[in-house]
$ cat entry29.csv   # CSV, C-alpha atoms
chain,number,residue,atom,x,y,z
A,185,MET,CA,151.2,24.6,139.6
A,186,ASN,CA,150.5,25.9,143.0
A,187,PHE,CA,153.9,27.5,143.2
A,188,LEU,CA,153.4,29.3,139.9
A,189,MET,CA,150.0,30.6,141.2
A,190,PHE,CA,151.8,31.7,144.4
A,191,VAL,CA,154.3,33.7,142.3
A,192,ALA,CA,151.6,35.2,140.1
A,193,SER,CA,149.6,36.3,143.1
A,194,ALA,CA,152.5,37.9,144.8
A,195,HIS,CA,153.4,39.9,141.7
A,196,GLY,CA,149.9,40.9,140.5
A,197,LEU,CA,150.1,38.7,137.4
A,198,LEU,CA,146.7,37.1,137.5
A,199,THR,CA,144.8,38.5,134.5
A,200,GLU,CA,141.1,38.2,133.5
A,201,GLU,CA,141.4,34.5,132.7
A,202,PHE,CA,142.5,33.9,136.3
A,203,GLU,CA,141.0,35.1,139.5
A,204,GLU,CA,142.5,37.1,142.3
A,205,GLY,CA,144.6,34.8,144.5
A,206,THR,CA,144.5,34.8,148.2
A,207,TRP,CA,148.2,34.5,148.7
A,208,PRO,CA,150.8,37.2,149.3
A,209,THR,CA,149.9,40.8,148.6
A,210,SER,CA,150.9,42.1,145.2
A,211,GLN,CA,154.4,43.5,144.9
A,212,SER,CA,155.4,44.9,141.5
A,213,LEU,CA,158.8,44.4,140.1
A,214,ASN,CA,161.1,47.3,139.1
A,215,GLY,CA,158.8,49.5,137.2
A,216,GLU,CA,155.8,49.0,134.9
A,217,ARG,CA,157.7,47.8,131.9
A,218,SER,CA,159.6,45.1,133.7
A,219,ASN,CA,156.4,43.9,135.4
A,220,GLU,CA,154.7,43.6,131.9
A,221,LYS,CA,157.7,41.7,130.6
A,222,PHE,CA,157.7,39.4,133.7
A,223,LYS,CA,153.9,38.9,133.2
A,224,GLU,CA,154.5,37.7,129.7
A,225,GLN,CA,157.3,35.4,130.8
A,226,TRP,CA,155.3,34.0,133.6
A,227,LYS,CA,152.4,33.3,131.3
A,228,GLU,CA,154.7,31.5,128.9
A,229,LEU,CA,156.1,29.4,131.7
A,230,TRP,CA,152.6,28.6,133.0
A,231,GLU,CA,151.5,27.4,129.5
A,232,GLN,CA,154.7,25.4,129.0
A,233,CYS,CA,154.3,23.7,132.4
A,234,ILE,CA,150.7,22.8,131.6
A,235,TYR,CA,151.8,21.4,128.2
A,236,LYS,CA,154.7,19.4,129.7
A,237,LYS,CA,152.5,18.0,132.6
A,238,GLY,CA,149.9,17.0,130.0
A,239,LEU,CA,152.5,15.0,128.1
A,240,ARG,CA,153.9,13.5,131.3
A,241,LYS,CA,150.5,12.4,132.4
A,242,ARG,CA,150.1,10.5,129.1
A,243,GLY,CA,153.3,8.6,129.8
A,244,ASP,CA,156.0,10.9,128.4
A,245,MET,CA,158.3,11.1,131.3
A,246,LYS,CA,160.4,14.1,130.0
A,247,SER,CA,161.4,16.5,132.7
A,248,LEU,CA,159.1,19.2,133.6
A,249,LEU,CA,160.2,22.8,133.3
A,250,MET,CA,160.4,23.4,137.0
A,251,ASP,CA,163.4,22.1,139.1
A,252,PRO,CA,163.2,23.8,142.4
A,253,PRO,CA,165.0,25.3,144.3
A,254,GLU,CA,167.6,26.1,141.6
A,255,PHE,CA,165.2,26.4,138.7
A,256,SER,CA,168.2,25.8,136.4
A,257,MET,CA,165.9,24.9,133.5
A,258,ILE,CA,164.4,28.3,133.4
A,259,ARG,CA,166.1,30.3,130.6
A,260,GLU,CA,165.0,33.8,131.6
A,261,LYS,CA,167.3,35.1,134.3
A,262,ASP,CA,164.8,37.5,135.8
A,263,VAL,CA,162.1,34.8,136.0
A,264,ARG,CA,164.6,32.4,137.5
A,265,THR,CA,165.6,34.9,140.1
A,266,VAL,CA,162.0,35.6,141.2
A,267,LEU,CA,161.3,31.9,141.4
A,268,ILE,CA,164.4,31.3,143.5
A,269,ASN,CA,163.5,34.2,145.8
A,270,MET,CA,159.8,33.1,146.2
A,271,TRP,CA,160.5,29.4,146.7
A,272,PRO,CA,161.3,29.6,150.5
A,273,SER,CA,158.1,31.6,151.2
A,274,PHE,CA,156.1,29.1,149.2
A,275,ILE,CA,157.6,26.1,150.9
A,276,LYS,CA,157.0,27.7,154.3
A,277,TRP,CA,153.3,28.1,153.5
A,278,TRP,CA,153.1,24.7,151.9
A,279,ASN,CA,154.5,22.9,155.0
A,280,MET,CA,152.5,24.9,157.6
A,281,PRO,CA,150.2,22.7,159.8
A,282,ALA,CA,147.2,24.4,158.1
A,283,GLY,CA,149.0,25.2,154.9
A,284,GLY,CA,148.7,24.1,151.3
A,285,GLN,CA,149.8,20.5,151.5
A,286,ILE,CA,147.3,19.7,154.3
A,287,ALA,CA,144.6,21.5,152.4
A,288,MET,CA,145.4,19.5,149.3
A,289,HIS,CA,145.1,16.2,151.2
A,290,TYR,CA,141.7,17.2,152.4
A,291,TRP,CA,140.4,18.3,149.0
A,292,GLU,CA,141.9,15.3,147.2
A,293,GLY,CA,139.5,13.1,149.2
A,294,ALA,CA,136.5,15.4,149.3
A,295,PRO,CA,134.7,14.5,146.0
A,296,ASP,CA,133.0,11.1,146.1
A,297,LEU,CA,133.8,10.3,142.5
A,298,LEU,CA,132.7,6.7,142.9
A,299,ALA,CA,129.2,7.9,143.9
A,300,PHE,CA,129.1,10.3,141.0
A,301,VAL,CA,130.1,7.5,138.6
A,302,GLN,CA,127.4,5.2,140.0
A,303,GLU,CA,124.8,7.9,139.7
A,304,PHE,CA,125.9,8.6,136.1
A,305,GLU,CA,125.6,4.8,135.3
A,306,SER,CA,122.2,4.7,136.8
A,307,HIS,CA,121.1,7.8,135.0
A,308,VAL,CA,122.2,6.6,131.5
A,309,GLY,CA,121.5,2.9,132.1
A,310,ARG,CA,125.0,1.7,131.2
A,311,LYS,CA,128.5,1.2,132.7
A,312,ILE,CA,130.8,4.2,132.2
A,313,LYS,CA,133.7,3.7,129.8
A,314,PRO,CA,136.9,3.0,131.7
A,315,PHE,CA,138.9,6.2,132.1
A,316,LYS,CA,142.0,7.5,133.8
A,317,LEU,CA,141.9,11.1,135.0
A,318,ASP,CA,144.8,12.8,136.8
A,319,ILE,CA,143.8,16.0,138.5
A,320,ASP,CA,146.2,18.7,139.8
A,321,LEU,CA,144.4,20.8,142.4
A,322,VAL,CA,145.3,24.5,142.6
A,323,TYR,CA,144.7,26.2,145.9
A,324,THR,CA,143.7,29.6,144.4
A,325,GLY,CA,144.0,31.7,141.2
A,326,LEU,CA,142.0,29.6,138.7
A,327,ARG,CA,138.4,30.6,137.8
A,328,GLU,CA,137.5,27.2,136.4
A,329,PRO,CA,139.2,23.9,135.5
A,330,ILE,CA,141.6,23.6,132.7
A,331,GLU,CA,141.2,20.4,130.7
A,332,VAL,CA,144.6,19.8,129.3
A,333,ASN,CA,143.6,16.5,127.7
A,334,GLU,CA,141.2,13.7,128.4
A,335,GLN,CA,143.5,12.3,131.1
A,336,PHE,CA,144.7,15.4,132.8
A,337,MET,CA,142.9,18.4,134.3
A,338,ILE,CA,144.0,21.3,136.6
A,339,MET,CA,141.2,22.2,139.0
A,340,PRO,CA,140.7,25.1,141.4
A,341,ILE,CA,139.6,24.1,144.9
A,342,LYS,CA,136.0,25.2,144.5
A,343,THR,CA,132.9,23.3,145.6
A,344,GLU,CA,131.1,24.1,142.3
A,345,TYR,CA,133.5,21.8,140.6
A,346,LEU,CA,134.9,19.4,143.1
A,347,LEU,CA,131.7,18.6,145.0
A,348,LYS,CA,128.9,19.2,142.6
A,349,ARG,CA,127.4,16.0,141.3
A,350,ASP,CA,125.8,17.8,138.3
A,351,TRP,CA,129.2,19.1,137.1
A,352,TRP,CA,130.8,15.7,137.2
A,353,ILE,CA,127.8,13.9,135.5
A,354,LYS,CA,127.8,16.5,132.7
A,355,ARG,CA,131.6,15.9,132.3
A,356,PHE,CA,131.1,12.1,132.2
A,357,LYS,CA,128.4,12.5,129.5
A,358,GLU,CA,130.7,14.6,127.4
A,359,HIS,CA,133.7,12.2,127.7
A,360,TYR,CA,132.7,8.7,128.6

$ encode --input "entry29.csv" --output "structure tokens"
Amino acid sequence: MNFLMFVASAHGLLTEEFEEGTWPTSQSLNGERSNEKFKEQWKELWEQCIYKKGLRKRGDMKSLLMDPPEFSMIREKDVRTVLINMWPSFIKWWNMPAGGQIAMHYWEGAPDLLAFVQEFESHVGRKIKPFKLDIDLVYTGLREPIEVNEQFMIMPIKTEYLLKRDWWIKRFKEHY
């Protein structure tokens, strides 16, 4: 998901439902019309990836749509070409000592979910229902979490979601 956001940020594809990314500066494709076409294709790819990851997280182990660095599963030639061309830049950033992968490790451990669960249990006077929640963190580009299903969520790295006790307790009340 981070790679797709990286591509979208680089090509100015983040619309009102997203937020401006902090990755590469925008570079349009060959003209306004092809950029609009690419924006539509990227959006479709984004939605398909979310759908497929949601299925996989529920136990359906079908292949995801992305298969870097060849991206042979992508049908649209122009999209595949952009993905292939952007992959080395993304991997370089991802593997930097202060890059994406290191940031993800930090943020994956940042929220104290056990403390939030215990506070929820104390607040409602009962044990929380058992649950499994896989979370994909996205470095930048998302305004708010996307709840794909009860077991899978895509979250931006933002303290108002990851570290806010009230946000988690509200979510626990709604789901568990």

$ closest_residue --input "entry29.csv" --among "A:Ile268, A:Ala287, A:Leu239, A:Ile258" --to "Asp318 of chain A" --atoms "only C-alpha atoms"
A:Leu239

$ closest_residue --input "entry29.csv" --among "A:Glu292, A:Glu334, A:Asp251, A:Glu224" --to "Lys316 of chain A" --atoms "all atoms listed in the file"
A:Glu334

$ closest_residue --input "entry29.csv" --among "A:Trp277, A:Phe222, A:Trp291, A:Tyr360" --to "Val322 of chain A" --atoms "all atoms listed in the file"
A:Trp291

$ atom_distance --input "entry29.csv" --atom1 "atom CA of Ser193 of chain A" --atom2 "atom CA of Leu229 of chain A"
14.8 Å

$ atom_distance --input "entry29.csv" --atom1 "atom CA of Asn269 of chain A" --atom2 "atom CA of Lys223 of chain A"
16.5 Å

$ closest_residue --input "entry29.csv" --among "A:Val301, A:Ala192, A:Ile341, A:Leu198" --to "Arg355 of chain A" --atoms "all atoms listed in the file"
A:Val301

$ closest_residue --input "entry29.csv" --among "A:Glu203, A:His195, A:Asn186, A:Gly238" --to "Gly325 of chain A" --atoms "all atoms listed in the file"
A:Glu203

$ atom_distance --input "entry29.csv" --atom1 "atom CA of Thr265 of chain A" --atom2 "atom CA of Ile286 of chain A"
27.7 Å

$ residues_around --input "entry29.csv" --residues "Leu267 of chain A" --least-positions-apart "5" --cutoff "9 Å" --atoms "all atoms listed in the file" --output "ChimeraX atom specification"
/A:187-188,191,252-255,262

$ closest_residue --input "entry29.csv" --among "A:Trp230, A:Tyr323, A:Lys348, A:Ala194" --to "Trp278 of chain A" --atoms "all atoms listed in the file"
A:Tyr323

$ residues_around --input "entry29.csv" --residues "Lys227 of chain A" --least-positions-apart "6" --cutoff "12 Å" --atoms "only C-alpha atoms" --output "PyMOL selection string"
chain A and resi 188-189+191-192+197-199+201-202+220-221+233-234+263

$ residues_near_point --input "entry29.csv" --point "(141.4, 15.4, 133.9)" --cutoff "6 Å" --atoms "all atoms listed in the file" --output "PyMOL selection string"
chain A and resi 317-319+331+334-337
